[in-house]
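Novice: Data: structure-v1.cif, mmCIF, C-alpha atoms and all ligand atoms.
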data_structure
#
loop_
_atom_site.label_atom_id
_atom_site.label_comp_id
_atom_site.auth_asym_id
_atom_site.auth_seq_id
_atom_site.Cartn_x
_atom_site.Cartn_y
_atom_site.Cartn_z
CA MET A 1 -12.41 -2.85 -6.97
CA ILE A 2 -12.34 -5.47 -4.27
CA TYR A 3 -10.01 -5.53 -1.26
CA ILE A 4 -9.72 -8.56 1.03
CA HIS A 5 -7.95 -8.18 4.36
CA VAL A 6 -6.07 -11.23 5.61
CA PRO A 7 -5.38 -10.42 9.28
CA PHE A 8 -2.60 -12.87 10.12
CA CYS A 9 1.10 -12.31 10.75
CA LYS A 10 3.73 -14.78 11.91
CA SER A 11 5.49 -12.00 13.81
CA PHE A 12 4.74 -8.34 14.40
CA CYS A 13 6.89 -5.61 12.94
CA THR A 14 8.20 -2.92 15.25
CA TYR A 15 6.58 -0.04 13.36
CA CYS A 16 3.20 -1.58 12.53
CA ASP A 17 -0.18 -1.13 14.16
CA PHE A 18 -2.44 -2.71 11.50
CA TYR A 19 -5.06 -5.10 12.77
CA SER A 20 -3.59 -8.58 12.70
CA GLU A 21 -3.67 -11.81 14.73
CA ILE A 22 -0.88 -14.31 15.28
CA ALA A 23 -0.98 -16.66 12.29
CA GLN A 24 -2.29 -20.08 13.40
CA GLU A 25 -3.47 -22.93 11.18
CA GLN A 26 -6.74 -23.38 13.09
CA LEU A 27 -7.80 -19.79 12.39
CA TYR A 28 -7.58 -19.92 8.59
CA GLY A 29 -10.66 -22.10 8.01
CA PRO A 30 -13.08 -20.03 10.16
CA PHE A 31 -11.65 -16.82 8.67
CA THR A 32 -12.25 -18.11 5.13
CA GLU A 33 -15.79 -19.17 6.09
CA GLN A 34 -16.52 -15.67 7.36
CA VAL A 35 -15.15 -13.94 4.29
CA CYS A 36 -17.18 -16.28 2.03
CA ALA A 37 -20.30 -15.57 4.10
CA GLU A 38 -19.65 -11.85 3.75
CA ILE A 39 -19.24 -12.22 -0.01
CA ARG A 40 -22.62 -13.98 -0.20
CA ARG A 41 -24.21 -11.38 2.05
CA ARG A 42 -22.89 -8.54 -0.09
CA ARG A 43 -23.43 -10.24 -3.42
CA LYS A 44 -25.60 -7.39 -4.77
CA GLU A 45 -22.83 -4.85 -4.13
CA LEU A 46 -20.22 -7.18 -5.58
CA LYS A 47 -22.00 -8.23 -8.72
CA GLY A 48 -20.17 -6.96 -11.78
CA GLU A 49 -17.56 -5.24 -9.56
CA PRO A 50 -14.86 -4.75 -12.15
CA ASN A 51 -11.16 -4.72 -12.64
CA THR A 52 -9.13 -5.28 -9.56
CA LEU A 53 -8.78 -7.68 -6.67
CA TYR A 54 -6.30 -6.99 -3.89
CA PHE A 55 -5.38 -9.33 -1.03
CA GLY A 56 -3.69 -7.22 1.65
CA GLY A 57 -2.88 -7.66 5.26
CA GLY A 58 -1.63 -8.76 7.57
CA THR A 59 0.18 -11.31 5.48
CA PRO A 60 -1.92 -12.88 2.71
CA SER A 61 0.96 -15.21 1.80
CA VAL A 62 0.42 -17.17 5.05
CA LEU A 63 -3.07 -18.18 3.90
CA PRO A 64 -3.14 -21.73 2.48
CA LEU A 65 -3.90 -22.01 -1.24
CA GLY A 66 -7.06 -24.01 -0.51
CA ASP A 67 -8.52 -21.10 1.46
CA LEU A 68 -7.52 -18.62 -1.21
CA SER A 69 -9.25 -20.67 -3.92
CA ARG A 70 -12.40 -21.04 -1.80
CA ILE A 71 -12.64 -17.27 -1.55
CA LEU A 72 -12.09 -16.91 -5.30
CA LEU A 73 -14.74 -19.52 -6.09
CA THR A 74 -17.23 -17.74 -3.85
CA LEU A 75 -16.53 -14.46 -5.62
CA GLU A 76 -17.18 -16.22 -8.90
CA GLU A 77 -20.44 -17.74 -7.63
CA CYS A 78 -21.55 -14.25 -6.64
CA GLY A 79 -20.84 -12.68 -10.02
CA ALA A 80 -17.54 -11.00 -9.09
CA GLY A 81 -15.08 -13.57 -10.43
CA GLY A 82 -11.96 -13.10 -12.53
CA PRO A 83 -10.08 -12.71 -14.65
CA TYR A 84 -9.24 -9.38 -13.08
CA GLU A 85 -7.31 -6.73 -14.91
CA GLU A 86 -5.09 -6.54 -11.85
CA PHE A 87 -5.01 -9.18 -9.13
CA THR A 88 -2.48 -8.31 -6.43
CA LEU A 89 -1.40 -10.38 -3.48
CA GLU A 90 0.86 -8.99 -0.75
CA ALA A 91 3.56 -11.52 0.00
CA ASN A 92 6.21 -11.82 2.67
CA PRO A 93 9.65 -12.71 1.20
CA GLU A 94 10.16 -15.42 3.81
CA ASP A 95 6.88 -17.15 2.84
CA ILE A 96 7.85 -17.04 -0.83
CA ALA A 97 11.32 -18.44 -0.17
CA GLU A 98 9.89 -21.15 2.11
CA LYS A 99 6.97 -22.22 -0.08
CA GLY A 100 8.99 -21.92 -3.29
CA LEU A 101 8.10 -22.29 -6.95
CA PRO A 102 5.09 -24.64 -6.60
CA TYR A 103 3.33 -22.04 -4.44
CA LEU A 104 4.09 -19.23 -6.87
CA GLU A 105 2.98 -21.28 -9.86
CA SER A 106 -0.30 -22.06 -8.09
CA LEU A 107 -0.83 -18.37 -7.40
CA ARG A 108 -0.45 -17.68 -11.10
CA GLN A 109 -2.90 -20.43 -11.91
CA LEU A 110 -5.38 -18.85 -9.51
CA GLY A 111 -5.06 -15.63 -11.51
CA VAL A 112 -2.69 -13.55 -9.35
CA ASN A 113 -0.88 -11.31 -11.84
CA ARG A 114 0.83 -8.87 -9.49
CA LEU A 115 2.83 -9.51 -6.33
CA SER A 116 3.64 -6.89 -3.75
CA MET A 117 6.63 -7.89 -1.65
CA GLY A 118 7.30 -6.28 1.73
CA ILE A 119 11.09 -6.22 1.52
CA GLN A 120 11.49 -2.91 3.45
CA SER A 121 15.31 -2.98 3.59
CA PHE A 122 18.36 -4.89 2.39
CA ASP A 123 20.24 -4.28 5.61
CA ASP A 124 20.11 -7.30 7.95
CA GLU A 125 20.65 -5.29 11.10
CA LEU A 126 17.76 -2.99 10.25
CA LEU A 127 15.54 -5.89 9.25
CA ARG A 128 16.18 -7.46 12.65
CA TRP A 129 15.40 -4.16 14.34
CA MET A 130 12.11 -4.00 12.40
CA ASN A 131 11.43 -7.59 13.53
CA ARG A 132 10.99 -8.70 9.94
CA ARG A 133 11.16 -12.47 9.35
CA HIS A 134 13.45 -12.35 6.33
CA ASP A 135 17.00 -11.15 5.77
CA ALA A 136 18.40 -9.53 2.63
CA ALA A 137 19.55 -12.82 1.10
CA ARG A 138 16.07 -14.35 1.51
CA ALA A 139 14.46 -11.28 -0.06
CA ILE A 140 16.71 -11.57 -3.10
CA GLN A 141 16.10 -15.32 -3.31
CA ALA A 142 12.34 -14.73 -3.09
CA PHE A 143 12.46 -12.09 -5.82
CA ARG A 144 14.34 -14.44 -8.15
CA LEU A 145 11.79 -17.20 -7.52
CA VAL A 146 8.98 -14.79 -8.33
CA ARG A 147 10.62 -14.04 -11.68
CA GLU A 148 11.28 -17.72 -12.32
CA ALA A 149 7.58 -18.40 -11.75
CA GLY A 150 6.80 -15.89 -14.50
CA PHE A 151 5.51 -12.85 -12.60
CA HIS A 152 6.11 -9.76 -14.73
CA ASN A 153 4.46 -7.22 -12.47
CA VAL A 154 6.20 -7.11 -9.11
CA SER A 155 6.19 -4.33 -6.55
CA ILE A 156 8.55 -4.04 -3.62
CA ASP A 157 8.10 -1.96 -0.47
CA LEU A 158 10.93 -0.03 1.16
CA ILE A 159 11.07 2.16 4.28
CA PHE A 160 13.20 5.24 4.90
CA GLY A 161 13.36 7.92 7.56
CA LEU A 162 14.44 5.71 10.46
CA SER A 163 16.86 7.38 12.83
CA ASN A 164 19.07 4.27 12.61
CA LEU A 165 19.19 4.29 8.80
CA SER A 166 22.39 5.93 7.62
CA ASP A 167 22.55 7.69 4.27
CA THR A 168 25.14 5.15 3.09
CA VAL A 169 22.92 2.19 3.94
CA TRP A 170 19.94 3.95 2.34
CA GLU A 171 21.81 4.56 -0.90
CA LYS A 172 22.94 0.93 -0.96
CA THR A 173 19.35 -0.20 -0.32
CA ILE A 174 18.06 1.83 -3.27
CA ASP A 175 20.83 0.41 -5.48
CA GLN A 176 19.98 -3.14 -4.39
CA ALA A 177 16.31 -2.55 -5.11
CA LEU A 178 17.15 -1.21 -8.56
CA ALA A 179 19.41 -4.17 -9.24
CA LEU A 180 16.36 -6.43 -8.88
CA ASP A 181 14.59 -4.31 -11.51
CA PRO A 182 11.03 -4.49 -10.13
CA GLU A 183 8.22 -2.89 -12.12
CA HIS A 184 7.01 -0.93 -9.11
CA ILE A 185 8.48 0.45 -5.89
CA SER A 186 6.45 1.75 -2.93
CA CYS A 187 8.54 3.67 -0.50
CA TYR A 188 7.21 4.91 2.81
CA GLN A 189 8.69 7.26 5.34
CA LEU A 190 8.60 5.62 8.76
CA THR A 191 5.85 7.04 10.93
CA VAL A 192 5.38 6.14 14.55
CA GLU A 193 1.90 4.60 14.69
CA GLY A 194 -0.33 4.68 17.80
CA ASP A 195 -0.22 1.11 19.08
CA SER A 196 3.07 -0.05 17.62
CA VAL A 197 6.09 -1.31 19.55
CA LEU A 198 7.93 1.69 18.16
CA ALA A 199 5.44 4.10 19.75
CA MET A 200 6.19 2.45 23.09
CA ARG A 201 9.93 2.74 22.51
CA LEU A 202 9.53 6.40 21.63
CA GLU A 203 7.57 7.00 24.80
CA ASN A 204 10.18 5.17 26.90
CA GLY A 205 12.99 7.17 25.35
CA GLU A 206 14.41 4.08 23.57
CA TYR A 207 13.86 5.56 20.11
CA GLU A 208 14.21 9.03 18.68
CA GLU A 209 12.59 10.10 15.45
CA ALA A 210 14.87 11.03 12.55
CA PRO A 211 15.17 14.78 11.96
CA ASP A 212 13.09 16.16 9.10
CA ASP A 213 16.11 17.27 7.05
CA VAL A 214 17.55 13.72 7.16
CA CYS A 215 14.22 12.25 5.96
CA ARG A 216 14.02 14.89 3.26
CA ALA A 217 17.53 14.13 2.02
CA GLN A 218 16.73 10.39 1.89
CA TYR A 219 13.52 11.08 -0.02
CA ASP A 220 15.32 13.38 -2.48
CA LEU A 221 17.97 10.73 -3.11
CA LEU A 222 15.25 8.16 -3.75
CA CYS A 223 13.46 10.46 -6.23
CA ARG A 224 16.70 11.22 -8.08
CA LYS A 225 17.84 7.61 -8.34
CA LEU A 226 14.48 6.15 -9.31
CA GLY A 227 13.82 8.95 -11.81
CA LYS A 228 17.18 8.28 -13.42
CA ALA A 229 16.37 4.57 -13.59
CA GLY A 230 13.18 5.31 -15.57
CA TYR A 231 10.54 5.08 -12.85
CA ASN A 232 7.55 7.39 -13.02
CA HIS A 233 6.93 9.06 -9.64
CA TYR A 234 3.16 8.92 -9.93
CA GLU A 235 2.21 9.26 -6.26
CA ILE A 236 4.09 10.63 -3.26
CA SER A 237 5.19 7.16 -2.12
CA ASN A 238 4.90 5.21 -5.37
CA PHE A 239 7.12 4.78 -8.40
CA ALA A 240 6.41 2.66 -11.47
CA LYS A 241 7.94 1.80 -14.78
CA PRO A 242 5.71 3.22 -17.54
CA GLY A 243 2.50 1.19 -17.76
CA TYR A 244 2.94 -0.47 -14.35
CA GLU A 245 1.20 2.11 -12.15
CA ALA A 246 -1.00 0.21 -9.67
CA ILE A 247 -4.55 0.19 -11.01
CA HIS A 248 -6.13 -0.70 -7.66
CA ASN A 249 -4.33 1.89 -5.57
CA SER A 250 -4.79 4.55 -8.25
CA GLY A 251 -8.52 3.87 -7.84
CA TYR A 252 -8.27 4.86 -4.16
CA TRP A 253 -6.57 8.13 -5.06
CA GLN A 254 -9.21 8.87 -7.68
CA ARG A 255 -11.95 8.07 -5.14
CA ARG A 256 -13.41 5.21 -7.14
CA PRO A 257 -15.82 3.05 -5.14
CA TYR A 258 -14.39 -0.14 -3.64
CA ILE A 259 -15.59 -3.02 -1.53
CA GLY A 260 -13.51 -4.20 1.42
CA LEU A 261 -14.05 -7.72 2.77
CA GLY A 262 -12.71 -9.33 5.91
CA PRO A 263 -12.03 -8.01 9.43
CA ALA A 264 -10.99 -4.33 9.56
CA ALA A 265 -11.56 -3.84 5.83
CA HIS A 266 -13.00 -0.51 4.67
CA SER A 267 -15.39 0.12 1.78
CA PHE A 268 -16.28 3.26 -0.13
CA SER A 269 -19.56 3.54 -2.02
CA GLY A 270 -18.75 6.81 -3.76
CA LYS A 271 -20.78 8.71 -1.14
CA GLY A 272 -20.09 7.08 2.19
CA ARG A 273 -17.60 4.86 3.94
CA SER A 274 -18.15 1.68 5.87
CA TRP A 275 -15.85 -0.68 7.68
CA ASN A 276 -15.77 -4.05 9.34
CA GLU A 277 -14.82 -4.46 12.98
CA SER A 278 -11.27 -5.49 13.78
CA THR A 279 -12.04 -8.92 15.17
CA LEU A 280 -12.18 -12.48 13.92
CA ASP A 281 -15.38 -13.25 15.85
CA GLY A 282 -18.21 -12.46 13.48
CA TYR A 283 -17.00 -8.99 12.69
CA GLY A 284 -19.78 -6.36 12.46
CA HIS A 285 -20.13 -3.58 9.93
CA SER A 286 -20.42 0.20 10.56
CA GLU A 287 -21.13 3.05 8.18
CA GLU A 288 -20.81 6.80 7.88
CA SER A 289 -21.81 9.17 5.14
CA LEU A 290 -19.53 11.99 4.11
CA SER A 291 -20.55 15.63 4.18
CA VAL A 292 -20.07 17.67 1.01
CA GLU A 293 -17.19 19.43 2.76
CA ASP A 294 -15.53 16.09 3.70
CA GLU A 295 -15.83 14.95 0.10
CA LYS A 296 -14.15 18.07 -1.24
CA VAL A 297 -11.27 17.91 1.22
CA GLU A 298 -10.74 14.21 0.56
CA THR A 299 -10.82 14.64 -3.22
CA LEU A 300 -8.27 17.40 -3.01
CA MET A 301 -5.96 15.61 -0.60
CA LEU A 302 -5.93 12.36 -2.54
CA ALA A 303 -5.58 13.97 -5.97
CA LEU A 304 -2.73 16.22 -4.91
CA ARG A 305 -0.76 13.21 -3.70
CA THR A 306 -0.50 12.12 -7.34
CA SER A 307 1.32 13.40 -10.38
CA ARG A 308 -2.06 13.54 -12.15
CA GLY A 309 -3.06 16.32 -9.77
CA VAL A 310 -6.46 17.95 -9.53
CA ASP A 311 -8.84 19.48 -12.03
CA GLU A 312 -8.44 23.27 -12.41
CA GLU A 313 -12.12 24.12 -11.96
CA PHE A 314 -12.48 21.89 -8.92
CA LEU A 315 -9.44 23.42 -7.23
CA GLN A 316 -10.41 27.01 -7.95
CA ALA A 317 -13.95 26.40 -6.68
CA ASN A 318 -12.84 24.73 -3.44
CA CYS A 319 -9.67 26.40 -2.18
CA ILE A 320 -8.96 29.47 -0.10
CA PRO A 321 -9.09 32.49 -2.46
CA GLY A 322 -5.62 33.56 -3.53
CA SER A 323 -3.91 30.39 -2.30
CA VAL A 324 -3.41 28.89 -5.77
CA ALA A 325 -1.79 32.04 -7.16
CA GLN A 326 0.49 32.25 -4.13
CA LEU A 327 1.57 28.59 -4.38
CA LEU A 328 2.10 28.88 -8.15
CA GLN A 329 4.38 31.81 -7.52
CA GLU A 330 6.35 29.86 -4.91
CA GLY A 331 6.70 26.90 -7.29
CA ALA A 332 4.78 24.68 -4.86
CA LEU A 333 2.07 24.09 -7.49
CA ILE A 334 2.35 23.81 -11.25
CA LYS A 335 -0.28 23.83 -13.97
CA VAL A 336 -0.24 21.10 -16.59
CA GLY A 337 -3.00 21.54 -19.17
CA ARG A 338 -6.23 21.92 -17.21
CA ARG A 339 -4.88 20.39 -14.02
CA TYR A 340 -2.80 21.54 -11.06
CA ARG A 341 -0.25 19.34 -9.38
CA ILE A 342 2.47 19.51 -6.74
CA PRO A 343 5.85 19.23 -8.47
CA GLU A 344 8.06 16.32 -7.44
CA ASP A 345 10.54 18.54 -5.60
CA HIS A 346 7.67 19.67 -3.31
CA PHE A 347 6.02 16.25 -2.78
CA PHE A 348 7.81 15.88 0.55
CA VAL A 349 5.97 18.91 1.96
CA SER A 350 2.66 18.20 0.26
CA ASP A 351 0.73 18.10 3.56
CA GLU A 352 1.72 21.71 4.24
CA ILE A 353 0.83 22.74 0.69
CA ILE A 354 -2.60 21.11 0.94
CA ARG A 355 -3.15 22.83 4.31
CA GLN A 356 -2.49 26.20 2.64
CA LEU A 357 -5.12 25.42 -0.01
CA ILE A 358 -7.97 24.40 2.29
S1 LIG B 1 4.00 -4.74 8.56
FE1 LIG B 1 2.83 -6.39 7.61
S2 LIG B 1 3.90 -8.27 8.33
FE2 LIG B 1 4.54 -6.63 9.69
S3 LIG B 1 3.13 -6.72 11.43
FE3 LIG B 1 2.30 -5.23 9.97
S4 LIG B 1 0.88 -6.35 8.72
FE4 LIG B 1 2.18 -7.87 9.76
#
Show the structure stored in the file as structure tokens.
Specialist:
Amino acid sequence: MIYIHVPFCKSFCTYCDFYSEIAQEQLYGPFTEQVCAEIRRRRKELKGEPNTLYFGGGTPSVLPLGDLSRILLTLEECGAGGPYEEFTLEANPEDIAEKGLPYLESLRQLGVNRLSMGIQSFDDELLRWMNRRHDAARAIQAFRLVREAGFHNVSIDLIFGLSNLSDTVWEKTIDQALALDPEHISCYQLTVEGDSVLAMRLENGEYEEAPDDVCRAQYDLLCRKLGKAGYNHYEISNFAKPGYEAIHNSGYWQRRPYIGLGPAAHSFSGKGRSWNESTLDGYGHSEESLSVEDEKVETLMLALRTSRGVDEEFLQANCIPGSVAQLLQEGALIKVGRRYRIPEDHFFVSDEIIRQLI
């Protein structure tokens, strides 16, 4: 599993605190050089690295096709070339609408077989508030272009749990998303992140977080509507039509090793984590190994976020005695074969459930 972080954005969203620089033409070449150098440096780790390639960001769709193909060629030279079982690129709807069909067709030729579109909302007022570049009409136009270009595995991102998102607008947003009929929907509850504009607004009293019961009701509506439309709720925030569960992201939840390239990218060797510095200037690399205790907690937390759940023996051996029986009785855990999972109607409070287990 390979992840490549493309740290450029044309504008910064209100809620986001990911590492990203203002997108400027003159930065793309040096960035690509550095990623290619990193690929060569880490060629031993990369060699034979199977299955999935994921370009995330930032905004990978701002990167010129020439830079993208240079990175792909370097991966190939180093024994980690395609075709990949899943090759995802995160794309901004405005970039897709602007660059049009030729861009999308080139992406397909380069091997991209899955697009993840950050639509977030179909309400123009909210999109402006989020400081997104696109409006609802552009998002729909971009989605149609993606289909016209022949992409059959498309994910869209939505956000709920904003204090200025009414239930009516939320329901309409879900309906509009379903009308597009994407194979995959990722839906995140808004959280106020440390260095975001929203965190500042919260501190200045210009924003108030949505009450928990409102977020819960929006999440429940989402689960009901997507379930009825045939989506499998396979992870707390992720829904897929059967057979379209994200292979790359599922690897994270199953703690499969992955290699992260580019500034701010993280890697996981199966035993320890490492990460690149969040800077464009010759980013350095740091590492930490995980204690046995860390590993157990992480395995449990990630597995219980998914509908696959956690292995019975592992859970019994690593949880607080009596906690499983108690949660089973409360209906906060269920047993399916030899695995335990959190039922969908308790996903929203999964953090509390996991806290009770460990
Ligand atoms: S949400 Fe995406 S597009 Fe918006 S600032 Fe963050 S990384 Fe950039």
Novice: 8 Å from ligand LIG 1 (chain B) is the threshold here; counting only C-alpha atoms and all ligand atoms, which polymer residues fall inside it? Answer as a PDB file with C-alpha atoms, keeping the file's coordinate frame.
Specialist:
ATOM      1  CA  PRO A   7      -5.380 -10.420   9.280  1.00  0.00           C
ATOM      2  CA  PHE A   8      -2.600 -12.870  10.120  1.00  0.00           C
ATOM      3  CA  CYS A   9       1.100 -12.310  10.750  1.00  0.00           C
ATOM      4  CA  LYS A  10       3.730 -14.780  11.910  1.00  0.00           C
ATOM      5  CA  SER A  11       5.490 -12.000  13.810  1.00  0.00           C
ATOM      6  CA  PHE A  12       4.740  -8.340  14.400  1.00  0.00           C
ATOM      7  CA  CYS A  13       6.890  -5.610  12.940  1.00  0.00           C
ATOM      8  CA  THR A  14       8.200  -2.920  15.250  1.00  0.00           C
ATOM      9  CA  TYR A  15       6.580  -0.040  13.360  1.00  0.00           C
ATOM     10  CA  CYS A  16       3.200  -1.580  12.530  1.00  0.00           C
ATOM     11  CA  ASP A  17      -0.180  -1.130  14.160  1.00  0.00           C
ATOM     12  CA  PHE A  18      -2.440  -2.710  11.500  1.00  0.00           C
ATOM     13  CA  TYR A  19      -5.060  -5.100  12.770  1.00  0.00           C
ATOM     14  CA  SER A  20      -3.590  -8.580  12.700  1.00  0.00           C
ATOM     15  CA  GLY A  57      -2.880  -7.660   5.260  1.00  0.00           C
ATOM     16  CA  GLY A  58      -1.630  -8.760   7.570  1.00  0.00           C
ATOM     17  CA  THR A  59       0.180 -11.310   5.480  1.00  0.00           C
ATOM     18  CA  ASN A  92       6.210 -11.820   2.670  1.00  0.00           C
ATOM     19  CA  GLY A 118       7.300  -6.280   1.730  1.00  0.00           C
ATOM     20  CA  ASN A 131      11.430  -7.590  13.530  1.00  0.00           C
ATOM     21  CA  ARG A 132      10.990  -8.700   9.940  1.00  0.00           C
TER      22      ARG A 132
END
Novice: So that I can check the surroundings of Glu235 in chain A, please list as a list of chain:residue names every protein, DNA and RNA residue that reaches within 6 Å of it, counting only C-alpha atoms and ignoring chain neighbours fewer than 6 positions away.
Specialist: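 My list of contacting residues is A:Arg305, A:Thr306, A:Ser307.
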Novice: Using all atoms listed in the file, determine which residues lie at most 12 Å from Gly284 in chain A, disregarding the query and same-chain residues fewer than 2 positions distant; provide the list as a list in words.
Specialist: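 Contacts, in chain order: Gln34, Glu38, Leu261, Gly262, Pro263, Ala264, Ala265, His266, Ser274, Trp275, Asn276, Glu277, Ser278, Thr279, Leu280, Asp281, Gly282, Ser286 and Glu287 of chain A.
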Novice: Using all atoms listed in the file, which of the listed residues (A:Leu178, A:Ile354, A:Ile2, A:Val169) sits closest to Gly251 in chain A?
Specialist: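 Once distances to Gly251 in chain A are computed over all atoms listed in the file, the minimum belongs to A:Ile2.
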Novice: So that I can see what lies close to Glu76 in chain A, please list as a list in words the residues with an atom at most 12 Å from it, counting all atoms listed in the file and leaving out residues fewer than 2 positions away in the same chain.
Specialist: Cys36, Ile39, Arg40, Arg43, Leu46, Lys47, Gly48, Glu49, Ser69, Arg70, Ile71, Leu72, Leu73, Thr74, Cys78, Gly79, Ala80, Gly81, Gly82, Pro83 and Tyr84 of chain A
Novice: Could you check which of A:Ala317, A:Arg355, A:Leu304, A:Tyr188 is closest to Leu333 in chain A, using only C-alpha atoms?
Specialist: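 Of A:Ala317, A:Arg355, A:Leu304, A:Tyr188, the one nearest Leu333 in chain A, counting only C-alpha atoms, is A:Leu304.
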Novice: What's around Asp157 in chain A at 10 Å? Count only C-alpha atoms, leave out sequence neighbours fewer than 6 positions away in its own chain, and write the answer as a ChimeraX atom specification.
Specialist: /A:116-121,177,184-188,237-238
Novice: What separation in Å, quoted to one decimal, exists between CA of Ser61 in chain A and CA of Ile236 in chain A?
Specialist: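 If I compute the distance from CA of Ser61 in chain A to CA of Ile236 in chain A, I get 26.5 Å.
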Novice: List the neighbours of range 218-224 of chain A out to 7 Å using all atoms listed in the file; skip same-chain residues closer than 6 positions along the sequence, and give me the result as a ChimeraX atom specification.
Specialist: /A:160,167,174
